[in-house]
$ cat coords-v8.csv   # CSV, C-alpha atoms
chain,number,residue,atom,x,y,z
A,1,MET,CA,0.0,0.0,0.0
A,2,ALA,CA,1.3,3.5,-0.9
A,3,SER,CA,2.8,5.5,1.9
A,4,GLY,CA,0.2,7.6,3.8
A,5,VAL,CA,-2.8,5.6,2.5
A,6,VAL,CA,-5.1,4.7,5.4
A,7,GLY,CA,-6.7,1.7,3.7
A,8,LYS,CA,-8.7,0.6,0.7
A,9,VAL,CA,-12.4,0.7,-0.2
A,10,ILE,CA,-14.5,-0.1,-3.2
A,11,VAL,CA,-17.6,1.9,-4.0
A,12,TYR,CA,-20.1,0.2,-6.3
A,13,GLY,CA,-22.0,3.0,-7.9
A,14,GLY,CA,-19.2,5.4,-7.5
A,15,ARG,CA,-20.3,7.8,-10.2
A,16,GLY,CA,-23.8,8.4,-8.8
A,17,ALA,CA,-24.7,11.3,-6.5
A,18,LEU,CA,-24.2,9.3,-3.3
A,19,GLY,CA,-21.4,7.2,-4.6
A,20,ALA,CA,-19.4,10.2,-5.9
A,21,THR,CA,-19.8,11.9,-2.5
A,22,ILE,CA,-18.5,8.8,-0.7
A,23,VAL,CA,-15.6,8.4,-3.1
A,24,LYS,CA,-14.5,12.0,-2.5
A,25,TYR,CA,-15.0,11.8,1.2
A,26,PHE,CA,-12.8,8.7,1.6
A,27,ARG,CA,-10.1,10.1,-0.8
A,28,ASP,CA,-10.0,13.3,1.3
A,29,GLN,CA,-9.4,11.1,4.3
A,30,LYS,CA,-6.4,9.5,2.5
A,31,TRP,CA,-8.0,6.2,1.5
A,32,TRP,CA,-7.4,4.4,-1.7
A,33,VAL,CA,-10.8,4.2,-3.5
A,34,GLY,CA,-11.9,2.0,-6.4
A,35,SER,CA,-15.1,2.9,-8.2
A,36,ILE,CA,-17.4,0.6,-10.1
A,37,ASP,CA,-20.0,2.2,-12.4
A,38,LEU,CA,-21.1,2.8,-15.9
A,39,ALA,CA,-18.7,5.8,-16.2
A,40,PRO,CA,-15.4,6.6,-14.6
A,41,ASN,CA,-15.1,8.8,-11.5
A,42,SER,CA,-12.0,11.1,-11.8
A,43,ASP,CA,-11.6,11.3,-8.0
A,44,ALA,CA,-11.1,7.5,-7.7
A,45,ASP,CA,-7.8,5.8,-7.7
A,46,ALA,CA,-9.1,3.0,-10.0
A,47,ASN,CA,-12.2,2.6,-12.1
A,48,VAL,CA,-14.0,-0.5,-13.2
A,49,ILE,CA,-16.4,0.4,-15.9
A,50,VAL,CA,-19.6,-1.7,-16.5
A,51,GLU,CA,-19.2,-1.6,-20.3
A,52,SER,CA,-22.4,-3.5,-21.2
A,53,PRO,CA,-25.2,-2.7,-18.8
A,54,SER,CA,-27.5,-4.8,-21.0
A,55,ALA,CA,-25.3,-7.9,-20.6
A,56,SER,CA,-26.6,-10.8,-18.6
A,57,TRP,CA,-26.1,-10.9,-14.8
A,58,VAL,CA,-23.5,-13.7,-15.2
A,59,ASP,CA,-21.5,-11.8,-17.8
A,60,GLN,CA,-21.7,-8.6,-15.9
A,61,ASN,CA,-20.4,-10.4,-12.8
A,62,THR,CA,-17.6,-12.0,-14.7
A,63,ALA,CA,-16.4,-8.7,-16.2
A,64,VAL,CA,-16.6,-6.8,-12.9
A,65,SER,CA,-14.9,-9.5,-10.9
A,66,LYS,CA,-12.1,-9.9,-13.4
A,67,ASN,CA,-11.4,-6.1,-13.6
A,68,ILE,CA,-11.6,-5.6,-9.8
A,69,ALA,CA,-9.1,-8.5,-9.3
A,70,GLU,CA,-6.7,-6.8,-11.8
A,71,ALA,CA,-7.1,-3.4,-10.1
A,72,LEU,CA,-6.3,-4.8,-6.7
A,73,GLY,CA,-3.4,-7.0,-7.8
A,74,GLY,CA,-3.9,-9.5,-5.0
A,75,SER,CA,-4.4,-6.9,-2.2
A,76,LYS,CA,-7.4,-7.0,0.1
A,77,VAL,CA,-9.8,-4.2,0.9
A,78,ASP,CA,-11.2,-2.9,4.1
A,79,ALA,CA,-14.7,-2.3,2.8
A,80,ILE,CA,-17.0,-2.6,-0.1
A,81,LEU,CA,-19.8,-0.1,-0.2
A,82,CYS,CA,-22.6,-0.8,-2.7
A,83,VAL,CA,-24.7,2.3,-3.3
A,84,ALA,CA,-25.8,1.5,-6.8
A,85,GLY,CA,-29.5,1.7,-7.5
A,86,GLY,CA,-32.4,3.7,-8.8
A,87,TRP,CA,-36.1,4.4,-8.4
A,88,SER,CA,-39.1,3.8,-10.5
A,89,GLY,CA,-42.8,3.8,-9.6
A,90,GLY,CA,-45.8,1.8,-10.8
A,91,ASN,CA,-48.5,-0.5,-9.5
A,92,ALA,CA,-49.7,-3.8,-10.8
A,93,SER,CA,-51.9,-2.1,-13.4
A,94,SER,CA,-49.0,-0.4,-15.0
A,95,ASP,CA,-48.2,-1.4,-18.6
A,96,ASP,CA,-44.5,-1.1,-17.6
A,97,LEU,CA,-44.8,-3.3,-14.5
A,98,VAL,CA,-42.4,-6.0,-15.6
A,99,LYS,CA,-40.1,-3.6,-17.4
A,100,THR,CA,-39.7,-1.4,-14.3
A,101,ALA,CA,-39.4,-4.4,-12.0
A,102,ASP,CA,-36.7,-5.8,-14.2
A,103,LEU,CA,-34.8,-2.5,-14.2
A,104,MET,CA,-35.0,-2.2,-10.4
A,105,TRP,CA,-33.8,-5.8,-10.0
A,106,ARG,CA,-30.8,-5.1,-12.2
A,107,GLN,CA,-29.9,-1.9,-10.5
A,108,SER,CA,-30.3,-3.1,-6.9
A,109,VAL,CA,-30.1,-6.8,-6.6
A,110,TRP,CA,-27.6,-7.6,-9.4
A,111,THR,CA,-25.2,-5.1,-8.0
A,112,SER,CA,-25.6,-6.2,-4.4
A,113,VAL,CA,-25.1,-9.8,-5.2
A,114,ILE,CA,-22.0,-9.0,-7.3
A,115,ALA,CA,-20.7,-6.9,-4.4
A,116,ALA,CA,-21.3,-9.8,-2.0
A,117,GLY,CA,-19.2,-12.0,-4.3
A,118,LEU,CA,-16.5,-9.4,-4.4
A,119,GLY,CA,-16.6,-9.3,-0.6
A,120,ALA,CA,-16.1,-13.0,-0.3
A,121,HIS,CA,-12.9,-12.8,-2.4
A,122,HIS,CA,-11.4,-9.4,-1.7
A,123,LEU,CA,-12.4,-8.3,1.8
A,124,LYS,CA,-9.9,-8.5,4.7
A,125,ASP,CA,-10.9,-10.4,7.8
A,126,ASP,CA,-13.1,-8.0,9.8
A,127,GLY,CA,-13.9,-6.2,6.6
A,128,VAL,CA,-17.1,-4.2,6.0
A,129,LEU,CA,-19.8,-4.8,3.4
A,130,VAL,CA,-22.6,-2.3,3.2
A,131,LEU,CA,-25.5,-2.6,0.8
A,132,THR,CA,-28.4,-0.2,0.1
A,133,GLY,CA,-31.9,-1.0,0.9
A,134,ALA,CA,-34.9,1.3,1.4
A,135,GLN,CA,-36.9,2.3,4.5
A,136,ALA,CA,-40.1,2.1,2.3
A,137,ALA,CA,-39.5,-1.6,1.6
A,138,LEU,CA,-39.9,-2.5,5.2
A,139,LYS,CA,-43.7,-2.4,4.4
A,140,GLY,CA,-45.8,-2.8,1.2
A,141,THR,CA,-45.0,-0.5,-1.7
A,142,PRO,CA,-48.1,-0.6,-3.8
A,143,GLY,CA,-47.2,2.5,-5.9
A,144,MET,CA,-43.7,1.3,-6.6
A,145,ILE,CA,-43.9,-2.5,-6.8
A,146,GLY,CA,-40.7,-3.1,-8.7
A,147,TYR,CA,-38.7,-0.9,-6.4
A,148,GLY,CA,-40.1,-2.5,-3.3
A,149,ILE,CA,-39.4,-6.1,-4.3
A,150,ALA,CA,-35.9,-5.3,-5.3
A,151,LYS,CA,-35.0,-3.5,-2.1
A,152,ALA,CA,-36.7,-6.2,-0.1
A,153,GLY,CA,-34.4,-8.6,-1.9
A,154,VAL,CA,-31.4,-6.6,-0.7
A,155,HIS,CA,-32.7,-6.7,2.8
A,156,GLN,CA,-32.9,-10.5,2.6
A,157,LEU,CA,-29.4,-10.7,1.2
A,158,VAL,CA,-28.0,-8.8,4.1
A,159,ARG,CA,-29.7,-11.1,6.6
A,160,SER,CA,-28.3,-14.1,4.8
A,161,LEU,CA,-24.8,-12.7,4.6
A,162,ALA,CA,-24.7,-12.0,8.3
A,163,GLU,CA,-25.3,-15.7,9.1
A,164,PRO,CA,-22.5,-18.2,9.8
A,165,LYS,CA,-21.2,-19.9,6.7
A,166,SER,CA,-22.3,-17.1,4.3
A,167,GLY,CA,-19.0,-17.2,2.6
A,168,LEU,CA,-17.7,-13.8,3.7
A,169,PRO,CA,-14.3,-13.6,5.4
A,170,LYS,CA,-13.9,-14.1,9.2
A,171,ASP,CA,-15.5,-11.5,11.4
A,172,SER,CA,-16.9,-9.5,8.4
A,173,PHE,CA,-19.4,-6.8,9.3
A,174,ILE,CA,-22.5,-6.6,7.0
A,175,CYS,CA,-25.4,-4.2,7.1
A,176,ALA,CA,-27.7,-2.2,4.9
A,177,ILE,CA,-28.5,1.5,4.9
A,178,LEU,CA,-32.2,2.2,4.4
A,179,PRO,CA,-32.7,5.9,3.4
A,180,VAL,CA,-36.1,7.5,3.2
A,181,THR,CA,-35.1,10.3,0.7
A,182,LEU,CA,-31.6,11.3,-0.1
A,183,ASP,CA,-30.9,15.0,-0.8
A,184,THR,CA,-29.7,14.7,-4.3
A,185,PRO,CA,-29.9,17.3,-7.2
A,186,MET,CA,-32.2,14.9,-9.1
A,187,ASN,CA,-34.6,14.6,-6.2
A,188,ARG,CA,-34.7,18.4,-5.7
A,189,LYS,CA,-35.4,18.8,-9.4
A,190,PHE,CA,-38.4,16.5,-9.4
A,191,MET,CA,-39.7,17.4,-5.9
A,192,PRO,CA,-38.9,21.1,-5.7
A,193,LYS,CA,-41.6,21.8,-3.1
A,194,ALA,CA,-40.7,19.0,-0.6
A,195,ASP,CA,-39.4,19.7,2.9
A,196,PHE,CA,-35.7,19.3,2.4
A,197,THR,CA,-35.0,19.3,6.1
A,198,LYS,CA,-36.4,15.7,6.1
A,199,TRP,CA,-34.0,14.6,3.4
A,200,THR,CA,-30.7,12.9,4.3
A,201,PRO,CA,-27.6,14.8,3.2
A,202,LEU,CA,-25.2,12.8,1.2
A,203,SER,CA,-22.3,14.0,3.3
A,204,SER,CA,-24.0,12.5,6.4
A,205,VAL,CA,-24.1,9.1,4.7
A,206,ALA,CA,-20.4,9.3,3.7
A,207,GLU,CA,-19.4,10.3,7.3
A,208,LEU,CA,-21.5,7.4,8.7
A,209,LEU,CA,-19.9,4.8,6.4
A,210,HIS,CA,-16.5,6.2,7.2
A,211,LYS,CA,-17.1,5.6,10.9
A,212,TRP,CA,-18.3,2.1,10.3
A,213,VAL,CA,-15.3,1.2,8.2
A,214,LYS,CA,-13.0,2.5,10.9
A,215,GLY,CA,-14.9,0.3,13.4
A,216,GLN,CA,-16.7,3.1,15.2
A,217,ASP,CA,-20.4,3.0,16.3
A,218,ARG,CA,-21.2,-0.1,14.2
A,219,PRO,CA,-24.8,-1.4,14.6
A,220,LYS,CA,-25.4,-5.1,15.2
A,221,ASN,CA,-24.1,-7.3,12.4
A,222,GLY,CA,-26.9,-7.9,9.8
A,223,SER,CA,-28.8,-4.7,10.7
A,224,LEU,CA,-31.1,-2.9,8.4
A,225,VAL,CA,-30.3,0.7,9.4
A,226,GLN,CA,-32.9,3.3,8.7
A,227,LEU,CA,-31.6,6.8,8.0
A,228,LEU,CA,-34.3,9.1,9.5
A,229,THR,CA,-33.8,12.8,9.0
A,230,LYS,CA,-35.7,15.6,10.8
A,231,ASN,CA,-34.8,19.3,10.8
A,232,GLY,CA,-31.6,18.4,9.0
A,233,ILE,CA,-30.4,16.0,11.6
A,234,THR,CA,-30.1,12.3,10.7
A,235,GLN,CA,-30.5,9.4,13.2
A,236,CYS,CA,-29.7,5.8,12.6
A,237,VAL,CA,-32.5,3.4,13.7
A,238,SER,CA,-32.1,-0.3,13.2
A,239,GLU,CA,-35.3,-2.1,12.1
A,240,ASN,CA,-35.6,-4.0,15.3
A,241,GLN,CA,-35.7,-0.7,17.3
A,242,ILE,CA,-39.0,0.3,15.8
$ encode --input "coords-v8.csv" --output "structure tokens"
Amino acid sequence: MASGVVGKVIVYGGRGALGATIVKYFRDQKWWVGSIDLAPNSDADANVIVESPSASWVDQNTAVSKNIAEALGGSKVDAILCVAGGWSGGNASSDDLVKTADLMWRQSVWTSVIAAGLGAHHLKDDGVLVLTGAQAALKGTPGMIGYGIAKAGVHQLVRSLAEPKSGLPKDSFICAILPVTLDTPMNRKFMPKADFTKWTPLSSVAELLHKWVKGQDRPKNGSLVQLLTKNGITQCVSENQI
């Protein structure tokens, strides 16, 4: 590892609004950061580009896994933070029900499962794997069925990975963040009259993940951690605390 580098993290979805914030935050804290996304992030130390987003799940996994292995050159990472995803609405009567459900599955479940596989092969012992669920998916989501089932799938994956014999390295820490609404430029564009004081700042998420990676204030392994923001202040509430 280069002199002065604190550790290594991979950010899956490192070009999106949240991912880019996380990449920059860790780089500012002297971490080596690898980004996986559809386009490169100039702040990252290494970029793995998903060249063919329409490729099969198996082919996408093969390409990402190969390129990450080459970028790491045999070294292990302290954390893999998967914040890839998206949103789409629609109930059962929508003509695009299957189309949107397929897109949500690709964006959230494909990436999370690939991240889990990367964790099994490239995380250090006591490494950190964080996936991204959604607070809304703790209940029914009739107006956004595809989104809800994809995020519920991520929640299930986290629970499974936290169990013994999941395949992750020894003493790995795994959890999911469950935002309500993230304060992104795109969300502000499409919801200009919303109460932004209830939206979670991207910097708050980056700071939280940095703490967990450093071993500070981690919740119970396997937790689904809701990010609840009020008056601009974000609290972490595990599902079993409600």
$ closest_residue --input "coords-v8.csv" --among "A:Lys211, A:Lys198, A:Arg188, A:Arg106" --to "Tyr25 of chain A" --atoms "only C-alpha atoms"
A:Lys211
$ closest_residue --input "coords-v8.csv" --among "A:Gly146, A:Gly167, A:Gly19, A:Gly140" --to "Val205 of chain A" --atoms "only C-alpha atoms"
A:Gly19
$ closest_residue --input "coords-v8.csv" --among "A:Trp32, A:Tyr147, A:Phe173, A:Trp199" --to "Trp212 of chain A" --atoms "only C-alpha atoms"
A:Phe173
$ residues_near_point --input "coords-v8.csv" --point "(-15.6, -13.1, -1.0)" --cutoff "12 Å" --atoms "all atoms listed in the file" --output "number ranges by chain"
A: 65, 69, 76-77, 79-80, 113-125, 127-129, 161, 165-170, 172
$ write_last_selection --input "coords-v8.csv" --atoms "C-alpha atoms" --output "short mmCIF file (atom, residue, chain, number, x, y, z; two decimals), in the frame of the given file"
data_model
loop_
_atom_site.label_atom_id
_atom_site.label_comp_id
_atom_site.auth_asym_id
_atom_site.auth_seq_id
_atom_site.Cartn_x
_atom_site.Cartn_y
_atom_site.Cartn_z
CA SER A 65 -14.90 -9.50 -10.90
CA ALA A 69 -9.10 -8.50 -9.30
CA LYS A 76 -7.40 -7.00 0.10
CA VAL A 77 -9.80 -4.20 0.90
CA ALA A 79 -14.70 -2.30 2.80
CA ILE A 80 -17.00 -2.60 -0.10
CA VAL A 113 -25.10 -9.80 -5.20
CA ILE A 114 -22.00 -9.00 -7.30
CA ALA A 115 -20.70 -6.90 -4.40
CA ALA A 116 -21.30 -9.80 -2.00
CA GLY A 117 -19.20 -12.00 -4.30
CA LEU A 118 -16.50 -9.40 -4.40
CA GLY A 119 -16.60 -9.30 -0.60
CA ALA A 120 -16.10 -13.00 -0.30
CA HIS A 121 -12.90 -12.80 -2.40
CA HIS A 122 -11.40 -9.40 -1.70
CA LEU A 123 -12.40 -8.30 1.80
CA LYS A 124 -9.90 -8.50 4.70
CA ASP A 125 -10.90 -10.40 7.80
CA GLY A 127 -13.90 -6.20 6.60
CA VAL A 128 -17.10 -4.20 6.00
CA LEU A 129 -19.80 -4.80 3.40
CA LEU A 161 -24.80 -12.70 4.60
CA LYS A 165 -21.20 -19.90 6.70
CA SER A 166 -22.30 -17.10 4.30
CA GLY A 167 -19.00 -17.20 2.60
CA LEU A 168 -17.70 -13.80 3.70
CA PRO A 169 -14.30 -13.60 5.40
CA LYS A 170 -13.90 -14.10 9.20
CA SER A 172 -16.90 -9.50 8.40
#
$ atom_distance --input "coords-v8.csv" --atom1 "atom CA of Ala176 of chain A" --atom2 "atom CA of Glu239 of chain A"
10.5 Å
$ residues_near_point --input "coords-v8.csv" --point "(-28.4, 4.1, 10.9)" --cutoff "7 Å" --atoms "all atoms listed in the file" --output "MDAnalysis selection string"
chainID A and resid 177 225:227 235:238
$ atom_distance --input "coords-v8.csv" --atom1 "atom CA of Leu97 of chain A" --atom2 "atom CA of Pro142 of chain A"
11.5 Å
$ closest_residue --input "coords-v8.csv" --among "A:Gly148, A:Gly153, A:Gly85, A:Gly222" --to "Gly16 of chain A" --atoms "all atoms listed in the file"
A:Gly85
